[in-house]
file entry13.cif (mmCIF, C-alpha atoms)
data_model
loop_
_atom_site.label_atom_id
_atom_site.label_comp_id
_atom_site.auth_asym_id
_atom_site.auth_seq_id
_atom_site.Cartn_x
_atom_site.Cartn_y
_atom_site.Cartn_z
CA MET A 255 20.38 15.47 -8.78
CA PRO A 256 21.27 17.72 -5.80
CA ALA A 257 18.61 18.44 -3.23
CA PRO A 258 16.84 21.75 -3.77
CA GLU A 259 17.28 24.75 -1.58
CA THR A 260 14.41 25.95 0.54
CA THR A 261 13.58 29.62 0.74
CA SER A 262 11.65 31.28 3.53
CA HIS A 263 10.73 34.89 4.12
CA ARG A 264 10.10 36.61 7.44
CA LEU A 265 8.89 40.09 8.23
CA VAL A 266 10.76 41.41 11.27
CA LEU A 267 8.02 42.50 13.66
CA PRO A 268 8.27 44.59 16.84
CA ALA A 269 7.80 41.35 18.85
CA ASP A 270 11.05 40.08 17.26
CA ALA A 271 13.03 43.19 18.21
CA ASN A 272 15.48 44.09 20.93
CA HIS A 273 15.68 47.44 22.73
CA HIS A 274 17.49 48.95 19.71
CA GLY A 275 14.58 48.22 17.36
CA THR A 276 16.51 45.54 15.48
CA LEU A 277 16.19 41.78 15.28
CA TYR A 278 16.73 40.21 18.71
CA ALA A 279 19.32 37.39 18.83
CA GLY A 280 16.75 34.91 20.15
CA SER A 281 14.47 35.68 17.23
CA LEU A 282 17.40 35.32 14.82
CA LEU A 283 18.03 31.84 16.24
CA ARG A 284 14.34 30.95 15.85
CA TYR A 285 14.35 32.14 12.22
CA ALA A 286 17.49 30.10 11.48
CA LEU A 287 16.13 27.01 13.24
CA GLU A 288 12.80 27.13 11.43
CA ALA A 289 14.48 27.54 8.03
CA ALA A 290 16.96 24.74 8.77
CA TYR A 291 14.26 22.40 10.04
CA ALA A 292 12.18 22.99 6.90
CA SER A 293 15.23 22.25 4.73
CA ALA A 294 16.03 19.07 6.65
CA CYS A 295 12.44 17.82 6.51
CA ARG A 296 12.19 18.55 2.81
CA GLY A 297 15.46 16.73 2.21
CA ILE A 298 14.32 13.62 4.07
CA GLY A 299 10.72 13.59 2.94
CA PRO A 300 7.60 12.39 4.73
CA GLY A 301 9.53 10.02 7.04
CA ALA A 302 11.27 12.92 8.77
CA ASN A 303 11.08 12.93 12.56
CA LEU A 304 13.90 15.26 13.48
CA MET A 305 15.35 16.70 16.65
CA LEU A 306 17.87 19.54 16.75
CA ARG A 307 21.13 17.98 17.92
CA ARG A 308 23.38 21.02 17.86
CA VAL A 309 23.95 24.48 16.49
CA LEU A 310 27.44 24.16 15.05
CA ALA A 311 27.76 27.79 14.01
CA LEU A 312 25.62 30.90 13.77
CA GLU A 313 26.95 34.24 12.59
CA CYS A 314 25.12 37.55 12.46
CA ARG A 315 26.88 40.23 10.41
CA ARG A 316 24.37 43.04 10.29
CA SER A 317 21.56 44.54 12.33
CA VAL A 318 18.15 43.96 10.79
CA PRO A 319 15.57 46.66 11.51
CA VAL A 320 11.93 46.12 12.38
CA GLY A 321 9.92 46.18 9.16
CA ALA A 322 12.60 44.45 7.07
CA LEU A 323 11.55 41.47 4.99
CA VAL A 324 14.35 38.91 5.18
CA GLU A 325 14.99 35.93 2.93
CA ILE A 326 16.64 32.84 4.38
CA ARG A 327 17.80 29.99 2.17
CA GLY A 328 18.52 26.54 3.53
CA ALA A 329 20.06 23.36 2.15
CA VAL A 330 21.35 20.01 3.35
CA LEU A 331 25.16 20.15 3.27
CA GLN A 332 26.18 16.87 4.94
CA VAL A 333 24.52 13.52 5.62
CA ARG A 334 25.62 10.73 7.92
CA GLN A 335 23.85 7.60 9.14
CA GLY A 336 21.10 9.24 11.18
CA TYR A 337 22.35 12.82 11.21
CA LEU A 338 22.43 15.69 8.79
CA VAL A 339 23.78 19.23 8.77
CA VAL A 340 21.81 22.04 7.17
CA GLY A 341 23.27 25.37 6.14
CA VAL A 342 21.22 28.55 6.30
CA VAL A 343 22.02 31.88 4.66
CA GLY A 344 20.26 35.19 5.28
CA MET A 345 20.45 36.72 1.84
CA PRO A 346 21.97 40.21 1.61
CA LEU A 347 19.72 43.06 2.65
CA PRO A 348 19.03 45.84 0.12
CA GLY A 349 22.17 47.91 -0.44
CA HIS A 350 24.50 45.22 0.92
CA THR A 351 26.49 42.41 -0.68
CA LEU A 352 27.19 39.98 2.18
CA PRO A 353 24.64 37.72 3.86
CA TRP A 354 23.30 39.28 7.04
CA MET A 355 23.55 35.90 8.77
CA ASP A 356 24.53 32.30 8.18
CA GLY A 357 24.65 29.12 10.17
CA LEU A 358 25.11 25.38 10.41
CA LEU A 359 22.57 23.31 12.34
CA GLY A 360 22.69 19.56 12.93
CA PHE A 361 19.60 17.36 13.19
CA VAL A 362 19.19 13.73 14.19
CA GLN A 363 16.41 11.41 13.05
CA VAL A 364 14.61 9.94 16.09
CA ASP A 365 12.07 7.21 16.73
CA ALA A 366 8.83 7.59 18.70
CA ALA A 367 10.77 7.35 21.97
CA GLY A 368 13.11 10.16 20.90
CA LEU A 369 16.10 7.87 20.36
CA PRO A 370 18.42 8.28 17.36
CA VAL A 371 17.76 6.03 14.36
CA ASP A 372 18.94 5.81 10.75
CA LEU A 373 17.48 8.20 8.21
CA PRO A 374 14.44 6.60 6.52
CA SER A 375 15.72 7.18 2.99
CA PRO A 376 18.78 8.52 1.18
CA VAL A 377 19.20 12.29 1.38
CA GLU A 378 21.05 14.29 -1.22
CA THR A 379 23.18 17.30 -0.45
CA VAL A 380 23.03 20.59 -2.28
CA GLY A 381 26.25 19.96 -4.22
CA ASP A 382 28.87 22.57 -4.95
CA ALA A 383 26.81 25.70 -5.61
CA ALA A 384 28.81 28.86 -4.86
CA LEU A 385 26.32 30.10 -2.24
CA TRP A 386 27.11 27.14 0.01
CA GLN A 387 30.90 26.99 -0.33
CA PRO A 388 31.72 29.24 2.67
CA LEU A 389 29.53 27.07 4.91
CA VAL A 390 30.92 23.82 3.50
CA ALA A 391 34.43 25.13 4.24
CA ARG A 392 33.40 26.09 7.80
CA LEU A 393 31.83 22.65 8.29
CA GLU A 394 35.10 21.00 7.24
CA LYS A 395 36.98 23.08 9.85
CA LEU A 396 34.49 21.94 12.49
CA ALA A 397 34.81 18.25 11.55
CA ASP A 398 36.94 17.44 14.61
CA VAL A 399 34.57 19.10 17.06
CA ARG A 400 32.66 16.39 18.89
CA GLY A 401 29.61 16.56 21.08
CA ALA A 402 29.84 16.49 24.85
CA THR A 403 27.57 13.50 25.56
CA ALA A 404 30.47 11.16 26.37
CA ASP A 405 31.89 13.76 28.77
CA TRP A 406 28.59 13.87 30.68
CA ILE A 407 28.33 10.08 30.82
CA SER A 408 31.91 9.74 32.09
CA ALA A 409 31.12 12.31 34.78
CA GLY A 410 28.39 10.01 36.11
CA PHE A 411 25.32 11.46 34.42
CA GLY A 412 23.01 9.40 32.22
CA ALA A 413 22.55 5.68 31.85
#
call {"tool": "encode", "arguments": {"input": "entry13.cif", "output": "structure tokens"}}
result
Amino acid sequence: MPAPETTSHRLVLPADANHHGTLYAGSLLRYALEAAYASACRGIGPGANLMLRRVLALECRRSVPVGALVEIRGAVLQVRQGYLVVGVVGMPLPGHTLPWMDGLLGFVQVDAAGLPVDLPSPVETVGDAALWQPLVARLEKLADVRGATADWISAGFGA
């Protein structure tokens, strides 16, 4: 059985706004991260001890005014040994048909010292529901993009 989606709601407050009275990009990132983290933790279960590894993609398509109540859905889209990718979708605002935002965020399971370890139990992905297909397709396009850790190590940084 596919893992369930998580749904979160946020009221856009003046503290979350930019100088135009709409959702500030930093607040958008916080909303996406919180929704993705909740989805990842729910997918793993009580053994989750996650760290954000990377934001693979984050798209904002529409300004969101202060006072708007937004709905963000999240789901695990990909699982590897100690790493998983969560998709998040800001559901269309009233009067619109496209999501106001979407993103892909990668998390790694870590031990008490903050070092990567295997996931504590199997994690199921959301499957092939239509809502997630655009993000699954984007994730496939990003499959060859690798992190920069090896570049930093080869430049003389790190252990």
call {"tool": "residues_around", "arguments": {"input": "entry13.cif", "residues": "range 346-362 of chain A", "least_positions_apart": "4", "cutoff": "6 Å", "atoms": "all atoms listed in the file", "output": "PyMOL selection string"}}
result
chain A and resi 304-316+336-342
call {"tool": "residues_around", "arguments": {"input": "entry13.cif", "residues": "Ala292 in chain A", "least_positions_apart": "6", "cutoff": "9 Å", "atoms": "only C-alpha atoms", "output": "PyMOL selection string"}}
result
chain A and resi 260+262+328
call {"tool": "write_last_selection", "arguments": {"input": "entry13.cif", "atoms": "C-alpha atoms", "output": "short mmCIF file (atom, residue, chain, number, x, y, z; two decimals), in the frame of the given file"}}
result
data_model
loop_
_atom_site.label_atom_id
_atom_site.label_comp_id
_atom_site.auth_asym_id
_atom_site.auth_seq_id
_atom_site.Cartn_x
_atom_site.Cartn_y
_atom_site.Cartn_z
CA THR A 260 14.41 25.95 0.54
CA SER A 262 11.65 31.28 3.53
CA GLY A 328 18.52 26.54 3.53
#
call {"tool": "closest_residue", "arguments": {"input": "entry13.cif", "among": "A:Ala366, A:Ala279, A:Ile298, A:Val266", "to": "Leu323 in chain A", "atoms": "only C-alpha atoms"}}
result
A:Val266
call {"tool": "closest_residue", "arguments": {"input": "entry13.cif", "among": "A:Leu331, A:Ala322, A:Ala404, A:Cys295", "to": "Asp270 in chain A", "atoms": "all atoms listed in the file"}}
result
A:Ala322
call {"tool": "residues_around", "arguments": {"input": "entry13.cif", "residues": "Gly299 in chain A", "least_positions_apart": "4", "cutoff": "12 Å", "atoms": "all atoms listed in the file", "output": "list of chain:residue names"}}
result
A:Ala257, A:Tyr291, A:Ala292, A:Ser293, A:Ala294, A:Cys295, A:Asn303, A:Leu304, A:Gln363, A:Leu373, A:Pro374, A:Ser375, A:Pro376, A:Val377, A:Glu378
call {"tool": "atom_distance", "arguments": {"input": "entry13.cif", "atom1": "CA of Ser281 in chain A", "atom2": "CA of Gly321 in chain A"}}
result
14.0 Å
call {"tool": "closest_residue", "arguments": {"input": "entry13.cif", "among": "A:Trp406, A:Ala384, A:Pro319, A:Val399", "to": "Ala271 in chain A", "atoms": "all atoms listed in the file"}}
result
A:Pro319
call {"tool": "atom_distance", "arguments": {"input": "entry13.cif", "atom1": "CA of His263 in chain A", "atom2": "CA of Pro388 in chain A"}}
result
21.8 Å
call {"tool": "atom_distance", "arguments": {"input": "entry13.cif", "atom1": "CA of Ala302 in chain A", "atom2": "CA of Val380 in chain A"}}
result
17.9 Å
call {"tool": "closest_residue", "arguments": {"input": "entry13.cif", "among": "A:Pro258, A:Leu369, A:Leu396, A:Ser408", "to": "Arg296 in chain A", "atoms": "only C-alpha atoms"}}
result
A:Pro258
call {"tool": "axis_aligned_box", "arguments": {"input": "entry13.cif", "around": "range 391-406 of chain A", "padding_each_side": "3 Å", "output": "lines of an AutoDock Vina configuration file"}}
result
center_x = 32.3
center_y = 18.6
center_z = 17.5
size_x = 15.4
size_y = 20.9
size_z = 32.4
call {"tool": "closest_residue", "arguments": {"input": "entry13.cif", "among": "A:Val320, A:Leu389, A:Ala367, A:Ala409", "to": "Tyr278 in chain A", "atoms": "only C-alpha atoms"}}
result
A:Val320
call {"tool": "closest_residue", "arguments": {"input": "entry13.cif", "among": "A:Ile407, A:Leu265, A:Leu277, A:Ala290", "to": "Val324 in chain A", "atoms": "only C-alpha atoms"}}
result
A:Leu265
